[in-house]
Each structure stands twice: as C-alpha cells, then as structure tokens.
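K.L.:
Structure: coords_0.txt, compact mmCIF, C-alpha atoms.
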```
# COMPACT_ATOMS: atom_id res chain seq x y z
CA MET A 1 -14.11 -24.70 -0.87
CA THR A 2 -13.04 -21.53 -2.66
CA LEU A 3 -10.74 -18.86 -1.28
CA LYS A 4 -12.14 -15.34 -1.13
CA LEU A 5 -10.75 -11.96 -0.15
CA ARG A 6 -12.56 -9.96 2.54
CA SER A 7 -11.26 -6.48 3.33
CA THR A 8 -11.77 -3.21 5.14
CA GLY A 9 -9.87 0.07 5.20
CA ALA A 10 -9.48 3.21 7.29
CA THR A 11 -7.63 6.50 7.00
CA ASP A 12 -6.86 9.49 9.20
CA ARG A 13 -5.14 12.78 8.44
CA GLY A 14 -2.98 12.42 11.57
CA LEU A 15 -2.24 15.03 14.21
CA ILE A 16 0.05 17.35 12.24
CA ARG A 17 -1.12 17.56 8.63
CA SER A 18 -3.97 19.92 7.71
CA GLY A 19 -5.39 17.53 5.11
CA ASN A 20 -5.22 13.94 3.94
CA GLN A 21 -3.31 13.06 0.77
CA ASP A 22 -3.80 9.30 1.17
CA ALA A 23 -6.39 7.21 -0.67
CA PHE A 24 -7.42 3.56 -0.45
CA HIS A 25 -9.66 0.92 -1.97
CA ALA A 26 -10.88 -2.11 -0.02
CA GLY A 27 -12.93 -4.27 -2.36
CA THR A 28 -13.85 -7.85 -3.13
CA TRP A 29 -11.03 -8.56 -5.58
CA LEU A 30 -8.76 -5.51 -5.24
CA VAL A 31 -7.18 -3.72 -2.30
CA ALA A 32 -4.89 -0.72 -2.72
CA VAL A 33 -3.24 2.17 -0.88
CA ALA A 34 -1.85 5.40 -2.37
CA ASP A 35 0.07 8.17 -0.61
CA GLY A 36 0.22 11.47 -2.49
CA MET A 37 3.14 13.87 -2.52
CA GLY A 38 4.09 17.22 -4.01
CA GLY A 39 2.05 19.76 -2.09
CA MET A 40 -1.35 19.53 -0.49
CA ALA A 41 -3.66 20.02 -3.48
CA ALA A 42 -1.42 18.19 -5.94
CA GLY A 43 -0.64 15.26 -3.65
CA ASP A 44 -4.30 14.77 -2.91
CA LEU A 45 -5.08 14.91 -6.61
CA ALA A 46 -2.36 12.43 -7.57
CA SER A 47 -3.46 9.78 -5.07
CA SER A 48 -7.09 10.32 -6.05
CA ILE A 49 -6.28 9.88 -9.74
CA ALA A 50 -4.35 6.69 -9.04
CA MET A 51 -7.10 5.18 -6.93
CA GLN A 52 -9.91 6.14 -9.29
CA THR A 53 -7.92 4.60 -12.14
CA VAL A 54 -7.17 1.24 -10.53
CA ALA A 55 -10.52 0.83 -8.71
CA PRO A 56 -12.25 -0.50 -11.87
CA LEU A 57 -9.89 -3.51 -11.67
CA ASP A 58 -12.00 -4.73 -8.74
CA LEU A 59 -13.70 -7.47 -10.71
CA GLU A 60 -13.31 -11.16 -11.48
CA THR A 61 -10.00 -11.57 -13.28
CA PRO A 62 -8.44 -14.78 -14.64
CA GLU A 63 -5.25 -15.90 -12.94
CA ASP A 64 -3.14 -15.39 -16.07
CA ALA A 65 -4.38 -11.79 -16.51
CA LEU A 66 -3.68 -10.42 -13.03
CA VAL A 67 -0.28 -8.81 -13.64
CA ALA A 68 -1.31 -7.45 -17.03
CA ALA A 69 -4.38 -5.86 -15.45
CA LEU A 70 -2.32 -4.19 -12.73
CA ARG A 71 0.32 -3.05 -15.22
CA GLY A 72 -2.34 -1.54 -17.46
CA GLY A 73 -3.94 0.24 -14.52
CA ILE A 74 -0.65 1.74 -13.40
CA GLU A 75 0.26 2.88 -16.91
CA LEU A 76 -3.14 4.53 -17.28
CA ALA A 77 -2.82 6.21 -13.88
CA SER A 78 0.62 7.54 -14.78
CA GLY A 79 -0.74 8.95 -18.03
CA ARG A 80 -3.60 10.68 -16.24
CA ILE A 81 -1.23 12.20 -13.71
CA ARG A 82 0.96 13.46 -16.56
CA GLN A 83 -2.11 15.01 -18.19
CA ALA A 84 -3.07 16.71 -14.91
CA VAL A 85 0.40 18.27 -14.67
CA GLU A 86 0.22 19.47 -18.27
CA GLU A 87 -3.11 21.14 -17.52
CA ASP A 88 -1.62 23.08 -14.59
CA PRO A 89 2.16 23.62 -14.42
CA GLU A 90 1.88 24.40 -10.69
CA ARG A 91 1.25 20.68 -10.22
CA GLN A 92 4.75 19.90 -11.46
CA GLY A 93 6.39 17.39 -9.11
CA MET A 94 3.18 15.90 -7.78
CA GLY A 95 3.00 12.15 -7.52
CA THR A 96 1.82 9.22 -5.50
CA THR A 97 2.85 5.85 -4.21
CA LEU A 98 0.69 2.88 -5.10
CA THR A 99 0.56 -0.57 -3.57
CA ALA A 100 -2.18 -2.84 -4.90
CA LEU A 101 -3.19 -6.48 -4.54
CA LEU A 102 -5.49 -8.17 -7.07
CA PHE A 103 -7.12 -11.51 -6.23
CA ALA A 104 -7.92 -14.06 -8.98
CA ARG A 105 -11.53 -15.10 -9.50
CA THR A 106 -10.57 -18.71 -8.80
CA GLY A 107 -8.92 -17.82 -5.49
CA SER A 108 -5.84 -19.72 -6.61
CA CYS A 109 -3.51 -16.76 -7.13
CA LEU A 110 -3.00 -13.10 -6.34
CA ALA A 111 -0.81 -10.43 -7.86
CA LEU A 112 0.88 -7.49 -6.18
CA ALA A 113 2.00 -4.23 -7.76
CA HIS A 114 4.12 -1.69 -5.92
CA VAL A 115 5.84 1.66 -6.44
CA GLY A 116 6.95 4.07 -3.70
CA ASP A 117 7.15 3.59 0.06
CA SER A 118 3.70 2.42 1.04
CA ARG A 119 3.89 -1.22 2.11
CA ALA A 120 2.26 -4.63 1.91
CA TYR A 121 2.73 -7.06 4.79
CA LEU A 122 1.58 -10.68 4.97
CA LEU A 123 0.73 -12.37 8.27
CA ARG A 124 0.84 -16.13 7.63
CA GLU A 125 0.66 -18.71 10.41
CA GLY A 126 1.55 -16.07 12.98
CA VAL A 127 4.61 -14.73 11.16
CA LEU A 128 4.59 -11.21 9.67
CA LYS A 129 6.65 -10.56 6.55
CA GLN A 130 7.09 -7.34 4.62
CA ILE A 131 6.41 -8.31 1.01
CA THR A 132 7.17 -5.02 -0.72
CA ARG A 133 10.51 -3.24 -0.90
CA ASP A 134 10.56 0.50 -0.26
CA ASP A 135 11.55 2.71 -3.19
CA THR A 136 13.52 5.07 -0.95
CA PHE A 137 16.99 6.53 -0.62
CA VAL A 138 17.55 4.87 2.75
CA GLN A 139 16.53 1.48 1.35
CA MET A 140 19.24 1.90 -1.30
CA LEU A 141 21.75 2.56 1.49
CA ILE A 142 20.54 -0.53 3.35
CA ASP A 143 20.87 -2.65 0.21
CA GLN A 144 24.44 -1.39 -0.23
CA GLY A 145 25.28 -2.26 3.36
CA LEU A 146 26.01 1.36 4.26
CA ILE A 147 23.41 1.65 7.03
CA THR A 148 21.27 -0.72 9.06
CA PRO A 149 17.46 -0.76 9.08
CA GLU A 150 17.62 0.68 12.59
CA GLN A 151 19.76 3.59 11.37
CA ALA A 152 17.36 4.16 8.47
CA SER A 153 14.51 4.94 10.84
CA SER A 154 16.27 8.11 12.03
CA HIS A 155 18.18 9.01 8.85
CA PRO A 156 17.71 12.67 7.79
CA ARG A 157 16.77 11.56 4.25
CA ARG A 158 14.43 8.75 5.26
CA ALA A 159 11.49 10.50 3.55
CA VAL A 160 13.17 10.67 0.13
CA VAL A 161 11.30 8.45 -2.32
CA THR A 162 13.29 7.25 -5.34
CA GLN A 163 10.32 6.55 -7.57
CA ALA A 164 6.58 7.17 -7.60
CA LEU A 165 3.77 7.67 -10.11
CA GLN A 166 4.54 11.17 -11.41
CA GLY A 167 3.63 10.86 -15.06
CA GLY A 168 7.11 9.84 -16.23
CA GLU A 169 9.02 6.61 -16.62
CA VAL A 170 8.57 4.28 -13.67
CA SER A 171 9.46 0.68 -12.91
CA PRO A 172 6.88 -0.82 -10.53
CA ALA A 173 7.56 -4.16 -8.89
CA TYR A 174 5.15 -6.99 -9.72
CA ALA A 175 4.83 -10.36 -8.03
CA THR A 176 2.40 -13.27 -7.88
CA MET A 177 1.72 -15.50 -4.89
CA VAL A 178 -0.42 -18.47 -3.97
CA PRO A 179 -2.84 -17.45 -1.20
CA TRP A 180 -3.50 -19.62 1.84
CA ALA A 181 -6.68 -19.73 3.85
CA GLY A 182 -6.02 -17.73 7.00
CA ASP A 183 -3.61 -15.26 5.37
CA ARG A 184 -4.03 -11.69 6.55
CA TRP A 185 -2.71 -8.83 4.43
CA LEU A 186 -1.92 -5.33 5.62
CA LEU A 187 -1.46 -2.54 3.07
CA CYS A 188 -0.51 0.79 4.60
CA SER A 189 0.96 4.21 3.98
CA ASP A 190 4.21 5.16 5.70
CA GLY A 191 2.18 7.11 8.24
CA LEU A 192 1.78 3.74 9.94
CA SER A 193 4.98 1.88 9.13
CA ASN A 194 7.26 4.81 10.03
CA VAL A 195 5.94 5.07 13.59
CA VAL A 196 4.72 1.61 14.59
CA ARG A 197 7.20 -1.24 14.93
CA ALA A 198 6.78 -4.40 12.86
CA ASP A 199 6.47 -6.59 15.95
CA THR A 200 3.61 -4.40 17.16
CA LEU A 201 1.93 -4.63 13.76
CA ALA A 202 2.18 -8.41 13.97
CA GLU A 203 0.71 -8.44 17.47
CA VAL A 204 -2.29 -6.32 16.44
CA LEU A 205 -2.93 -8.23 13.21
CA ALA A 206 -2.85 -11.55 15.05
CA GLY A 207 -4.79 -10.35 18.07
CA HIS A 208 -7.80 -8.64 16.47
CA VAL A 209 -9.90 -11.07 14.44
CA ASP A 210 -12.43 -8.41 13.44
CA ARG A 211 -10.99 -6.54 10.46
CA GLU A 212 -12.59 -3.19 11.24
CA GLU A 213 -11.47 -3.35 14.86
CA CYS A 214 -7.97 -4.26 13.70
CA ALA A 215 -7.82 -1.33 11.28
CA ARG A 216 -9.04 1.11 13.94
CA ARG A 217 -6.44 -0.18 16.40
CA LEU A 218 -3.63 0.32 13.89
CA ILE A 219 -4.75 3.88 13.19
CA ASP A 220 -4.96 4.53 16.92
CA LEU A 221 -1.41 3.29 17.46
CA ALA A 222 -0.10 5.65 14.77
CA LEU A 223 -1.90 8.56 16.41
CA ARG A 224 -0.60 7.59 19.85
CA ALA A 225 2.91 7.65 18.34
CA GLY A 226 2.40 11.31 17.40
CA GLY A 227 0.51 10.94 14.12
CA PRO A 228 3.05 13.04 12.18
CA ASP A 229 1.67 11.97 8.78
CA ASN A 230 -1.56 10.84 7.18
CA VAL A 231 -2.11 7.19 8.07
CA THR A 232 -4.04 4.68 5.96
CA VAL A 233 -4.51 0.95 6.43
CA VAL A 234 -6.28 -1.82 4.54
CA VAL A 235 -6.70 -5.17 6.29
CA ALA A 236 -7.62 -8.07 4.00
CA ASP A 237 -8.24 -11.70 4.96
CA VAL A 238 -8.12 -14.76 2.75
CA VAL A 239 -11.08 -16.90 3.81
CA ALA A 240 -12.41 -20.28 2.67
CA GLU A 241 -16.05 -20.23 1.62
CA ASP A 242 -18.44 -22.65 -0.08
```
Would you write out, as structure tokens, the structure that this file holds?
P.N.:
Amino acid sequence: MTLKLRSTGATDRGLIRSGNQDAFHAGTWLVAVADGMGGMAAGDLASSIAMQTVAPLDLETPEDALVAALRGGIELASGRIRQAVEEDPERQGMGTTLTALLFARTGSCLALAHVGDSRAYLLREGVLKQITRDDTFVQMLIDQGLITPEQASSHPRRAVVTQALQGGEVSPAYATMVPWAGDRWLLCSDGLSNVVRADTLAEVLAGHVDREECARRLIDLALRAGGPDNVTVVVADVVAED
C-alpha cells in the first residue's frame, strides 16, 4: 500500500471585502494557500504570482528534494513579486502569505513551507494541532509571555504581519514530517482561523468525511461569523491506495 494525497479547496470573498485577494492550489502532490496584502489590486497580484510560481511544484518529487523544491519556489516567487513592484511603484508594499505542503512521490514524507499568518493544521487520530507558527506581532507577544492567546484574538494589532513575501529578505519556516494514513490537513487563510475556534475546526474536520462538503462547511462557518475577510480553505487527506 502506498500513501497518496487527495485534496480539495474553496474560497470566498467574505461579506465585507469587495474582492478576493486569496489564492489556493489543491493538487495531487502540492497544496497551498496564499493571502495577499497591500491594497486590492496589488494584494491580488501578489497572491496570484506566488501561487502561479509554486503550482509547477505539483509533481512527483523525491523525498530528499522536497524542502529544496519549496525553497526554490519561494525564492522565485519573491523575485517575481520584487519585479512586479519595480514595474509599478504604486505596488510598493504589496505582499502575500504562503503556506504550502509538498508530498513525496513515495508517500513516505512531506515537507511544509510557511511565511505569514495563513495556517496549516493537522488532524491526526482525532486530535487537531496547529503545525505552523504565525508570523505576527501578537504571536511575538505571546512568545514573550506578554499576552495570552485569548488576549491576542482581540488585540488592536492582531492583523500586523511581521513577515511575508514582498520581494525582500524573508525567512520562511520549513519542516518535514512522516505522513500517516488517515491524516487530514487543513490549510487556510486567516479569514477562517481568526473567526472560527480551533475546537470547531476539529469538530468539522472530523465530522465531514467528504472533503468538498468539509471545505464548504468551513467556509459557511466563517461567513456565519461575519465573514470580515476573504476566506480560503484546502482540505487534504492522506489515504492508503494500492
């Protein structure tokens, strides 16, 4: 038996924003979410550039090349964003988050790359764990013991991102993990994680076997919570196949 990745994604502009600056990829080997920032046109462009740049990584990749592939994709995306800003100075300050998971062709390993405040969660044997760490001002305060996670949710600077793909120097986080059959991954923009509690996410992920139904339910919960931001989700299952 070989482990495979099966995924689906969904996005919605939300109830407040006039457009959608999020982008996603839900493929056979690669899943990714990007959340643009820096003004409507520029944010949309930045997330689109990032997703178009990493999407070609959705192919069979050896286990020992996963992180290098993701690193190369992120460096290329950053360079293309920098070029876009140079072409139009009004795009100065645009950027995007990027959270991406690349599955090895053998099914024996996966790699995760992350920058910004989109998130990757893993539901394993009924327990949901946030795998990524937010690159945000409030997360820095939490790490320093100055505020609690509960206080962060209502902090006036909770939307301040400390790093993103903006064409300059950036230090993404990379990690590798051994997948288990039955694992369910959730990648999402903060339009979901900022308004839907983690215990609710766990309940939905565990309670909706159908991936598309699960993704629609998560979007619906974000909208029911006011939908103040664009919301994007990718649900990916690790399955055993002959």
K.L.:
When you look at Asp22 (chain A) with a cut-off of 9 Å (counting only C-alpha atoms), what residues show up, excluding the ones that are within fewer than 4 positions of it in the same chain? I need them as a PyMOL selection string.
P.N.:
chain A and resi 11-13+33-36+43-44+47-48+96+189+230-232
K.L.:
Given all atoms listed in the file as the basis, pick out the residue of A:Gly27, A:Ala42, A:Ala236, A:Gln130 nearest to Pro89 (chain A).
P.N.:
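Among the listed residues, A:Ala42 lies closest to Pro89 (chain A).
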K.L.:
Counting only C-alpha atoms, figure out which residue out of A:Ser118, A:Ala113, A:Val235, A:Thr2 gets nearest to His25 (chain A).
P.N.:
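Closest residue, counting only C-alpha atoms: A:Val235.
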K.L.:
Restricting the calculation to only C-alpha atoms: of A:Ile74, A:Leu45, A:Leu187, A:Leu128, which residue gets closest to Gly93 (chain A)?
P.N.:
A:Leu45
K.L.:
Go through A:Glu150, A:Asp229, A:Glu203, A:Asp117 one by one, measure the shortest atom-to-atom distance of each to Leu165 (chain A) using only C-alpha atoms, and give the residue with the smallest value.
P.N.:
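Using only C-alpha atoms, the shortest distance to Leu165 (chain A) belongs to A:Asp117.
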K.L.:
Restricting the calculation to only C-alpha atoms, which member of A:Ala215, A:Ala120, A:Ala77, A:Leu30 is positioned closest to Ala50 (chain A)?
P.N.:
A:Ala77
K.L.:
Can you work out the spacing between CA of Gly73 (chain A) and CA of Leu122 (chain A) in Å, to one decimal?
P.N.:
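Taking CA of Gly73 (chain A) and CA of Leu122 (chain A), their separation equals 23.0 Å.
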K.L.:
Kindly list the centre and edge lengths in Å, rounded to one decimal, for the axis-aligned box that covers all listed atoms of region 104-120 of chain A plus 5 Å on each of its six sides, as lines of an AutoDock Vina configuration file.
P.N.:
```
center_x = -2.2
center_y = -7.8
center_z = -3.7
size_x = 28.7
size_y = 33.8
size_z = 21.6
```
K.L.:
Between CA of Asp88 (chain A) and CA of Gln21 (chain A), what is the distance in Å, rounded to a tenth?
P.N.:
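So the two atoms, CA of Asp88 (chain A) and CA of Gln21 (chain A), lie 18.4 Å apart.
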K.L.:
When you draw a straight line from CA of Arg216 (chain A) to CA of Val54 (chain A), how long is it in Å?
P.N.:
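So the answer is 24.5 Å.
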K.L.:
Between A:Gly168, A:Thr176, A:Gln144, A:Ser7, which is the closest to Ile131 (chain A) once you count all atoms listed in the file?
P.N.:
A:Thr176
K.L.:
Which polymer residues have any atom within 9 Å of an atom of Arg184 (chain A), counting all atoms listed in the file, with same-chain residues fewer than 2 positions away left out, as a list in words?
P.N.:
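My reading of the contact set: Tyr121, Leu122, Leu123, Arg124, Ala181, Gly182, Leu186, Leu205, Ala206, Val235, Ala236, Asp237 and Val238 of chain A.
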K.L.:
Would you mind listing what lies within 8 Å of Tyr174 (chain A) as a list of chain:residue names, with only C-alpha atoms counted and same-chain residues fewer than 2 positions away left out?
P.N.:
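What passes the distance filter is A:Val67, A:Ala111, A:Leu112, A:Ala113, A:His114, A:Pro172, A:Thr176.
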K.L.:
If we count only C-alpha atoms and set the cut-off at 12 Å, which residues sit around Ala240 (chain A), ignoring sequence neighbours fewer than 2 positions away in its own chain? Please answer as a ChimeraX atom specification.
P.N.:
/A:1-6,106-108,179-183,237-238,242
